[in-house]
Amino acid sequence: MISRNMDVSGLPDHAFSHHSLTWWGVLGFIVVESTFFGVLVATYLYGIGRAAEWPPAGVAPPTLLWGTLNAGIMVLSCWPNLRYKRAAERMDGPACRRWLLVAVGFGAAFLAIRALEITALDIRWDDHFYGSIVWAILGFHTLHIVADFTECVVLAFIAWTKPLSPHHFADFSDDAVYWYFVIAMWLPLYGLIYLVPRAL
Amino acid sequence: MNPEGPRSAAVLPTAGPRAADARASHHDLDRVWSPPEGLYGWLTTTSHTQIGRRFIVTAFIFFLLGGILAALMRLQLSHAESGFLSPDRYNQIFTMHGVTMMFLFAVPIMEGFGIYLIPLMVGTRNLAFPRLNSFGYFTYLIGGILLYAALLLDIGPDAGWFAYLPLAGPEFSPGHRMDFYAEIITFLEISALVGAVEIIVTVFKLRAPGMTLNRMPLFVWALLVTSFMIVFAMPSVEMASAYLILERLAGTHFFDPAAGGDPMLWQHAFWFFGHPEVYIIFIPATGMVASIVVTFSQRQMFGYPAVILALITTGFVGFGLWVHHMFATGLPSLGMSFFAAASMMIAIPSGIQVFCWIATLWTGRPRLRVPLWFVLGFVFLFVMGGLTGVMLGAVPFNLQVHDTYFVVAHFHYVLIGGAVFPLFGGFYYWFPKMTGRMLNERLGLWNFWLMFIGFNVTFFPMHELGFRGMPRRVYTYLESTGWEPLNLLASCGAAVLAVGVLLFVINVLWSRARGQAAGDNPWGADTLEWTTTSPPPNYNFHFQPVVTDRYPGWTRGPDSPVVVGLKDDAHEVLVTTTLDAVPDHRTTFPPHSIWPFLTAVAVAVIFFGLIFTPWAIPAGAVLAMAMLILWFWPKHHVLHRGHEEDAP
Amino acid sequence: MSAPESSYFESARGVRTLWLGILAGPLLWFLNQQVNYLLVRWACSSGHVIVLHAVAATCLVGALLAGKLALGNRRRLEETEGAESLQQERARFMVVLGICSSFLFALVIIAQGIPNFILNPCGK
Amino acid sequence: MDFRTLLSRTAPAALPATGLLLSGCGLRGSHHALDPAGPQAGAIGSLWWLLLVVSAVVFVVVMTALVLALTRYHETPDRENLPAQAHRTVMGWVAGGVGVTVLILFVFLVATLLAERRIAAIDADPEALEISVIGRQWWWEIQYENAAPWLTATTANEIHIPVGRPVHLKLNSADVIHSFWVPSLGGKRDLIPGHTNRLSIQADRAGVFEGQCAEFCGHQHAHMRIIVVAQPPEEFEAWLEQQRQPAREPQTEGEIRGREVFLASDCIMCHSIRGTTAMSQVGPDLTHLAGRRTLAAGVLPNTRGHLGGWILDPQGIKPGNRMPRHTFPAEQFHPLLDYLGSLE
């Protein structure tokens, strides 16, 4: 039997999107965290199922202004995020640096508005179940924004100070995927916190 | 925008013996893949064989500790109204026994075997995210140590491993005992989650060329299904224990009926994890059983697709059973009956597996060695436990025996019988691969029979104790109940069981030093890990193999095809496609690093500090963020420099 | 080179049908269980037990359709001639998994449909 | 096969024996899930025997197949390929095994649902007596509620029920989750804060049936026992009528002195004796203490000596329980015991 060895030296030494290991790792953690959000949503719905009134008597649903504004800006941020991801996959250094800065700007905006959103709440986490779960959902999502914002800042710093290799571009591309996730998560949560109590 | 075309064209089959490729040298590979020496090396290594072994050894030590706790309980219960342990101690001990066996032993040891074996079985050099693997181990180790430190300081958790609210809440468990539980469980499960993601990505993307989905070893399939279950189950308990932290630390009202909360919310969230957990422990064990059955009957697995079907089915249906832990809570009976039906139907995949194992033995030529003995013991105990499990699915019957010693008997049959026996079989089976030496066969037989007999004497009488009204989690009982004789019998059985386990420890210690040399493939096994040396080198395979069938251990020879063209002076491995394992690109793993360890310490600071002050969050978060940045920071830098150095 | 027909199971579309065959059954079963479980209290207060039956029947039909899809895939595989390629071998395996999983989960859905006939949704 | 009829026939014969038990310390009762004393436990018992017999057969068949697989003569040398004929034969057996498994499971499922329906039908009896059970760390409060609140009878750790009549238990918890379980009378049900659960029991023969809290509830979970005393209906009615009365007035000088001691002590911080100024609801109601069979939730027989020991050292007997230690000088202690012992 003649052995047919496989010479792989001609294969590329980096990859984007679903070819790359990091992409799969990011996807794995996205699934894990989506399950976390799923448990939060289930908890909220469980509360509705148990309560005679939702939100409890005398409590108004959170004011629409900041949450809606944030949702709007997040949807808008998909566009620079897409440009940033494409630039990374083209390995276009200058474009990538620029769009990364835009992404950092958007991240800062989310955080600032989120701060206003939280201070505008007229319930506390230790008032009742409703207060606990609303704070938990907002807090957990904010944690994701903070984490990804930090990552973005670090990546931007690297992008502007170091020569970029294909591995950096792969990281940028994966980071963009994670941003999509953080944004995508906000939409159902927004509906849950702001719209559902008004529709009930 | 992916250059799909050139990728596949780059794979050029080259004819001729592997020696044709002169670039690969043992020396370079060894230099690149070996961890640094000494304590620093211990803290920084990213080698999956080292970390996998470490998981196994650590988890086994926790198994012994959990066993000691069990022995203390059996000692206390051997006589009515015994004063050996106070209720306060006993409650900590039974809680920690459960926490240890579920969180510190069963899941980590299964993941440990996965971490050690999967890269070898799929023919690659390391797990997909080697540094994450190191991080996972240290979170596990630190979490376990903190829990046991609490127990020794008499502030161990004492509201049961299931920690039902409101008993575990701030009102009925003041002090820090249940804080330890809530914080450390949340922290520990990070380890299980990262382990699961690593295993999934390794199995999907790092399989040797030619190892299509239908050529994957059953053990790999089992760990893949398990990992998916972990990904969907663990977040539920993580979130629940996070609620518990908030409840105790910040005064939230998730579980407080007076403020719109509900104690049942905890039970739903906990058991949505808790039931899949049982299968998370059991499915890897079936992977071990499959490996052992195939090897010791020298016969390919009968009904390979059926067994995989059973694994996948179990993985799904495992998520539809959680309410059967709550049959007594007064839920609508029609709602519960859907779960009762699922609890019975899950016996179908188990049945399929048992029948396929027996069919494999039937069509093969069984050789009765110690690993197979453990598998036979497993089938006996597991079928028994499975049948009582089906009975427990019957709602009215469940209401009689729920939370009694009948249930204690049942789940020890499925967990010790269904997971620990295969695990011991797995130890005897893979010990030669891990150490290069065989475990002693005669001691092994003594070990098996003492464990088997001791187990049955301990746990079989508990079925009857349940019927006689003995509830679980009691620190003592009145003499007038008449439970004493059977309890004494069970305690005697536990002593025999303990001697069996002790023989195993002796066997391991003795054989590691003086056992008979094993050689590469002492059992004539069929999977890839047996085609390399025992123990495997740090880089696993001199050349990554190219797989041509399902049984490379039986069919590969010195001239079988291999992968050439990978750099042997860098941590380079081949990435392949998900379904058909077609070579896709080369990737370079990051080198050994101290940051995963320091990040684990920083995260531990958050959770441990939270027991005492909420300020731990900002302090620990800044620390952890800094560690994470440092962890990911130098990677590109080093890589980049590496590239430059590589250039001629 | 393999014939265009045999590369169907390498294409995204072909792979999707293979996965659909394997996963549709379990996912429908999960949906059936959760929805029926959530609807019990409502069925008690409104008296519409028929809705529980309808959910179970819909999911059952869905699982059987997934089985039919997998059977269709098997026919497609059998039509290809010549030596089996790596991809075809893998596709055959996935097809077998798909057929079995669809029908197995159909069975589980049936089992969960039975209580609706025997028990009262208001029973505690 | 039908335990219910069997037992209803044997019940009259058992009466004298239970009478003996009742007059004794009352601690040796029946508590075996497979020795049912009522229709609920009977239905479950029948279901169990079906499950057991079928499972035992399955177990024997599987083990036989395993032993045969190991011991039969083997001649297949090829590891990878099995002759098509042999493969088909074995496949037939495996498929058959799976088929039989499915069949058995469906039989189990239907049998389970029918048993459940049978129990639900018993539970739906409108003639049932309703008793409220409140779980507390670590004892049971029992209330026979009445439309007239002053006729509500409150007792602890001992439920009296009339033979042959269904009883609805209304289950609530005052602190953590507990679970009510008396094996001879049927399955268990949890007592959960914020929820009102229901459980129906029925005794078809007179007797004392023991049970215990089945959900871990803290330190003294092990010592949270309960007894159910099933009595002929007229005897039960007499008992209930007596329980509705306020406490018996002290008769002797010692008893009168004892009541003074009681009302002056911190006992009244937790306990109530109806008809006196002691009205706290924290601990068990002591109005008819002397009529109960046990003390400390089934842990001690109710004798003067044990009562004295319990008052002086409750923490030694049930470590961690809510009753603090008390010291009384002898000249107060004996009258106190006289008084408490007189509260029938």
# chains A, B, ... in the order shown; residues from 1 in each chain; ligands from 1
>>> residues_around(residues="Pro335 of chain D", least_positions_apart="3", cutoff="7 Å", atoms="only C-alpha atoms", output="PyMOL selection string")
chain D and resi 254-255+257-258+332+338-339
>>> residues_around(residues="Phe36 of chain A", least_positions_apart="6", cutoff="7 Å", atoms="only C-alpha atoms", output="ChimeraX atom specification")
/B:235-236,239
>>> closest_atom_pairs(of="segment 46-135 of chain A", to="segment 34-58 of chain C", cutoff="12 Å", atoms="only C-alpha atoms", output="Markdown table")
| residue | atom | partner | partner_atom | distance |
| --- | --- | --- | --- | --- |
| A:Tyr46 | CA | C:Leu38 | CA | 10.4 |
| A:Gly49 | CA | C:Leu38 | CA | 9.9 |
| A:Arg50 | CA | C:Arg41 | CA | 11.8 |
>>> select_by_dssp(residues="segment 384-521 of chain B", states="strand (DSSP E or B)", output="ChimeraX atom specification")
/B:404,437,471,517
>>> write_last_selection(atoms="all heavy atoms", output="compact mmCIF listing (two decimals), in the first residue's frame")
# COMPACT_ATOMS: atom_id res chain seq x y z
N THR B 404 -36.71 10.21 49.77
CA THR B 404 -36.46 9.18 50.78
C THR B 404 -35.19 8.42 50.39
O THR B 404 -34.58 8.68 49.35
CB THR B 404 -37.59 8.14 50.82
OG1 THR B 404 -37.52 7.37 49.61
CG2 THR B 404 -38.94 8.79 50.93
N ARG B 437 2.66 2.50 32.07
CA ARG B 437 2.68 1.25 32.84
C ARG B 437 1.28 0.71 33.04
O ARG B 437 0.32 1.46 33.11
CB ARG B 437 3.32 1.47 34.22
CG ARG B 437 4.81 1.74 34.12
CD ARG B 437 5.39 1.94 35.49
NE ARG B 437 6.75 2.39 35.41
CZ ARG B 437 7.80 1.58 35.29
NH1 ARG B 437 7.61 0.27 35.24
NH2 ARG B 437 9.02 2.06 35.22
N PRO B 471 -36.64 9.51 55.47
CA PRO B 471 -36.37 10.58 54.52
C PRO B 471 -34.86 10.79 54.34
O PRO B 471 -34.07 10.34 55.17
CB PRO B 471 -36.99 11.82 55.17
CG PRO B 471 -37.50 11.39 56.49
CD PRO B 471 -36.99 10.03 56.78
N ALA B 517 5.64 -2.58 32.01
CA ALA B 517 5.66 -1.59 30.94
C ALA B 517 4.53 -1.88 29.95
O ALA B 517 4.23 -3.04 29.67
CB ALA B 517 7.00 -1.60 30.23
>>> closest_residue(among="A:Asp175, A:Cys152, A:Ala147, A:Thr43", to="Gly105 of chain A", atoms="only C-alpha atoms")
A:Cys152
>>> select_by_dssp(residues="segment 241-271 of chain D", states="helix (DSSP H, G or I)", output="MDAnalysis selection string")
chainID D and resid 241:244 253:264 266:269
>>> write_last_selection(atoms="N, CA and C atoms", output="PDB file, in the first residue's frame")
ATOM      1  N   GLU D 241     -64.586  17.760  69.454  1.00  0.00           N
ATOM      2  CA  GLU D 241     -65.397  18.615  70.317  1.00  0.00           C
ATOM      3  C   GLU D 241     -64.590  19.033  71.546  1.00  0.00           C
ATOM      4  N   GLN D 242     -63.862  18.077  72.080  1.00  0.00           N
ATOM      5  CA  GLN D 242     -63.047  18.352  73.264  1.00  0.00           C
ATOM      6  C   GLN D 242     -61.930  19.337  72.932  1.00  0.00           C
ATOM      7  N   GLN D 243     -61.338  19.179  71.737  1.00  0.00           N
ATOM      8  CA  GLN D 243     -60.233  20.052  71.342  1.00  0.00           C
ATOM      9  C   GLN D 243     -60.684  21.497  71.146  1.00  0.00           C
ATOM     10  N   ARG D 244     -61.974  21.658  70.835  1.00  0.00           N
ATOM     11  CA  ARG D 244     -62.473  23.012  70.595  1.00  0.00           C
ATOM     12  C   ARG D 244     -62.632  23.800  71.889  1.00  0.00           C
ATOM     13  N   GLU D 253     -54.421  22.424  94.127  1.00  0.00           N
ATOM     14  CA  GLU D 253     -53.634  23.580  94.498  1.00  0.00           C
ATOM     15  C   GLU D 253     -52.358  23.653  93.665  1.00  0.00           C
ATOM     16  N   GLY D 254     -51.772  22.473  93.463  1.00  0.00           N
ATOM     17  CA  GLY D 254     -50.547  22.410  92.649  1.00  0.00           C
ATOM     18  C   GLY D 254     -50.804  22.929  91.241  1.00  0.00           C
ATOM     19  N   GLU D 255     -51.921  22.517  90.663  1.00  0.00           N
ATOM     20  CA  GLU D 255     -52.223  22.943  89.296  1.00  0.00           C
ATOM     21  C   GLU D 255     -52.430  24.451  89.226  1.00  0.00           C
ATOM     22  N   ILE D 256     -53.122  24.982  90.266  1.00  0.00           N
ATOM     23  CA  ILE D 256     -53.366  26.429  90.283  1.00  0.00           C
ATOM     24  C   ILE D 256     -52.045  27.182  90.380  1.00  0.00           C
ATOM     25  N   ARG D 257     -51.217  26.692  91.243  1.00  0.00           N
ATOM     26  CA  ARG D 257     -49.889  27.291  91.394  1.00  0.00           C
ATOM     27  C   ARG D 257     -49.111  27.172  90.084  1.00  0.00           C
ATOM     28  N   GLY D 258     -49.256  26.017  89.450  1.00  0.00           N
ATOM     29  CA  GLY D 258     -48.556  25.772  88.182  1.00  0.00           C
ATOM     30  C   GLY D 258     -48.977  26.763  87.119  1.00  0.00           C
ATOM     31  N   ARG D 259     -50.263  27.059  87.069  1.00  0.00           N
ATOM     32  CA  ARG D 259     -50.698  28.005  86.048  1.00  0.00           C
ATOM     33  C   ARG D 259     -50.087  29.391  86.310  1.00  0.00           C
ATOM     34  N   GLU D 260     -50.021  29.764  87.609  1.00  0.00           N
ATOM     35  CA  GLU D 260     -49.383  31.049  87.940  1.00  0.00           C
ATOM     36  C   GLU D 260     -47.945  31.074  87.448  1.00  0.00           C
ATOM     37  N   VAL D 261     -47.251  29.962  87.718  1.00  0.00           N
ATOM     38  CA  VAL D 261     -45.845  29.882  87.276  1.00  0.00           C
ATOM     39  C   VAL D 261     -45.777  30.036  85.755  1.00  0.00           C
ATOM     40  N   PHE D 262     -46.655  29.307  85.079  1.00  0.00           N
ATOM     41  CA  PHE D 262     -46.641  29.350  83.617  1.00  0.00           C
ATOM     42  C   PHE D 262     -46.861  30.769  83.109  1.00  0.00           C
ATOM     43  N   LEU D 263     -47.891  31.416  83.639  1.00  0.00           N
ATOM     44  CA  LEU D 263     -48.260  32.726  83.118  1.00  0.00           C
ATOM     45  C   LEU D 263     -47.251  33.806  83.516  1.00  0.00           C
ATOM     46  N   ALA D 264     -46.468  33.524  84.560  1.00  0.00           N
ATOM     47  CA  ALA D 264     -45.449  34.498  84.956  1.00  0.00           C
ATOM     48  C   ALA D 264     -44.122  34.250  84.250  1.00  0.00           C
ATOM     49  N   ASP D 266     -41.520  33.119  80.877  1.00  0.00           N
ATOM     50  CA  ASP D 266     -41.469  33.557  79.489  1.00  0.00           C
ATOM     51  C   ASP D 266     -42.024  32.488  78.538  1.00  0.00           C
ATOM     52  N   CYS D 267     -42.638  31.442  79.089  1.00  0.00           N
ATOM     53  CA  CYS D 267     -43.323  30.467  78.226  1.00  0.00           C
ATOM     54  C   CYS D 267     -44.344  31.179  77.339  1.00  0.00           C
ATOM     55  N   ILE D 268     -44.980  32.213  77.935  1.00  0.00           N
ATOM     56  CA  ILE D 268     -46.069  32.865  77.211  1.00  0.00           C
ATOM     57  C   ILE D 268     -45.573  33.719  76.047  1.00  0.00           C
ATOM     58  N   MET D 269     -44.246  33.900  75.968  1.00  0.00           N
ATOM     59  CA  MET D 269     -43.717  34.618  74.804  1.00  0.00           C
ATOM     60  C   MET D 269     -43.988  33.836  73.520  1.00  0.00           C
TER      61      MET D 269
END
>>> interface_residues(of="chain C", to="chain D", cutoff="7 Å", atoms="only C-alpha atoms", output="number ranges by chain")
C: 115, 118-119, 123
>>> residues_around(residues="segment 5-20 of chain C", least_positions_apart="2", cutoff="12 Å", atoms="only C-alpha atoms", output="ChimeraX atom specification")
/B:577-580,582 /C:1-3,22-28,62-74,76-99,101-102
>>> closest_residue(among="B:Asn214, B:Thr533, B:Asn447, B:Asn456", to="chain C", atoms="only C-alpha atoms")
B:Asn214
>>> interface_residues(of="chain A", to="chain B", cutoff="6 Å", atoms="only C-alpha atoms", output="ChimeraX atom specification")
/A:3-14,28,32,36,125-126,128-129,132
>>> interface_residues(of="chain D", to="chain B", cutoff="6 Å", atoms="only C-alpha atoms", output="NGL selection string")
:D and (31-33 or 44 or 66 or 69 or 74 or 79-80 or 94 or 112 or 176 or 187-190 or 194 or 197 or 214 or 219 or 222)
>>> write_last_selection(atoms="N, CA and C atoms", output="short mmCIF file (atom, residue, chain, number, x, y, z; two decimals), in the first residue's frame")
data_model
loop_
_atom_site.label_atom_id
_atom_site.label_comp_id
_atom_site.auth_asym_id
_atom_site.auth_seq_id
_atom_site.Cartn_x
_atom_site.Cartn_y
_atom_site.Cartn_z
N HIS D 31 -45.69 2.52 59.55
CA HIS D 31 -45.13 3.46 58.58
C HIS D 31 -44.39 2.72 57.49
N HIS D 32 -45.14 2.09 56.62
CA HIS D 32 -44.51 1.43 55.49
C HIS D 32 -45.35 1.74 54.26
N ALA D 33 -44.67 2.23 53.21
CA ALA D 33 -45.41 2.64 52.02
C ALA D 33 -46.13 1.47 51.37
N ILE D 44 -51.22 3.48 44.88
CA ILE D 44 -49.79 3.56 44.60
C ILE D 44 -49.13 2.20 44.78
N LEU D 66 -26.53 -10.71 28.77
CA LEU D 66 -25.15 -10.28 29.00
C LEU D 66 -24.27 -11.49 29.27
N ALA D 69 -23.77 -13.50 26.17
CA ALA D 69 -22.87 -12.82 25.24
C ALA D 69 -21.42 -13.09 25.62
N HIS D 74 -17.49 -18.23 20.42
CA HIS D 74 -17.27 -17.16 19.45
C HIS D 74 -16.37 -17.63 18.32
N ARG D 79 -12.38 -8.16 12.91
CA ARG D 79 -12.80 -7.13 13.87
C ARG D 79 -13.75 -6.13 13.25
N GLU D 80 -13.54 -5.87 11.92
CA GLU D 80 -14.31 -4.76 11.34
C GLU D 80 -15.61 -5.21 10.67
N VAL D 94 -31.72 -6.88 18.51
CA VAL D 94 -31.61 -5.54 19.10
C VAL D 94 -32.88 -4.74 18.84
N THR D 112 -49.51 4.48 35.00
CA THR D 112 -49.26 5.62 35.87
C THR D 112 -50.39 6.63 35.80
N VAL D 176 -39.72 27.82 56.09
CA VAL D 176 -39.03 27.26 54.91
C VAL D 176 -39.91 26.16 54.32
N GLY D 187 -48.89 9.47 49.14
CA GLY D 187 -47.69 10.22 48.76
C GLY D 187 -47.53 11.50 49.55
N LYS D 188 -46.46 12.20 49.24
CA LYS D 188 -46.14 13.41 50.01
C LYS D 188 -46.48 14.66 49.22
N ARG D 189 -46.54 15.76 49.92
CA ARG D 189 -46.75 17.04 49.25
C ARG D 189 -45.99 18.10 50.02
N ASP D 190 -45.35 19.01 49.29
CA ASP D 190 -44.54 20.04 49.94
C ASP D 190 -45.38 21.17 50.51
N GLY D 194 -45.82 30.97 50.52
CA GLY D 194 -46.41 31.66 49.39
C GLY D 194 -47.32 30.79 48.54
N ASN D 197 -50.82 24.38 49.18
CA ASN D 197 -50.94 23.09 48.51
C ASN D 197 -52.00 22.25 49.19
N ALA D 214 -40.39 15.44 54.87
CA ALA D 214 -39.54 14.80 53.88
C ALA D 214 -38.69 15.79 53.10
N HIS D 219 -31.72 22.42 60.71
CA HIS D 219 -31.11 21.62 61.77
C HIS D 219 -31.87 20.38 62.20
N ALA D 222 -34.48 16.08 60.91
CA ALA D 222 -34.57 14.67 61.30
C ALA D 222 -35.64 14.44 62.36
#
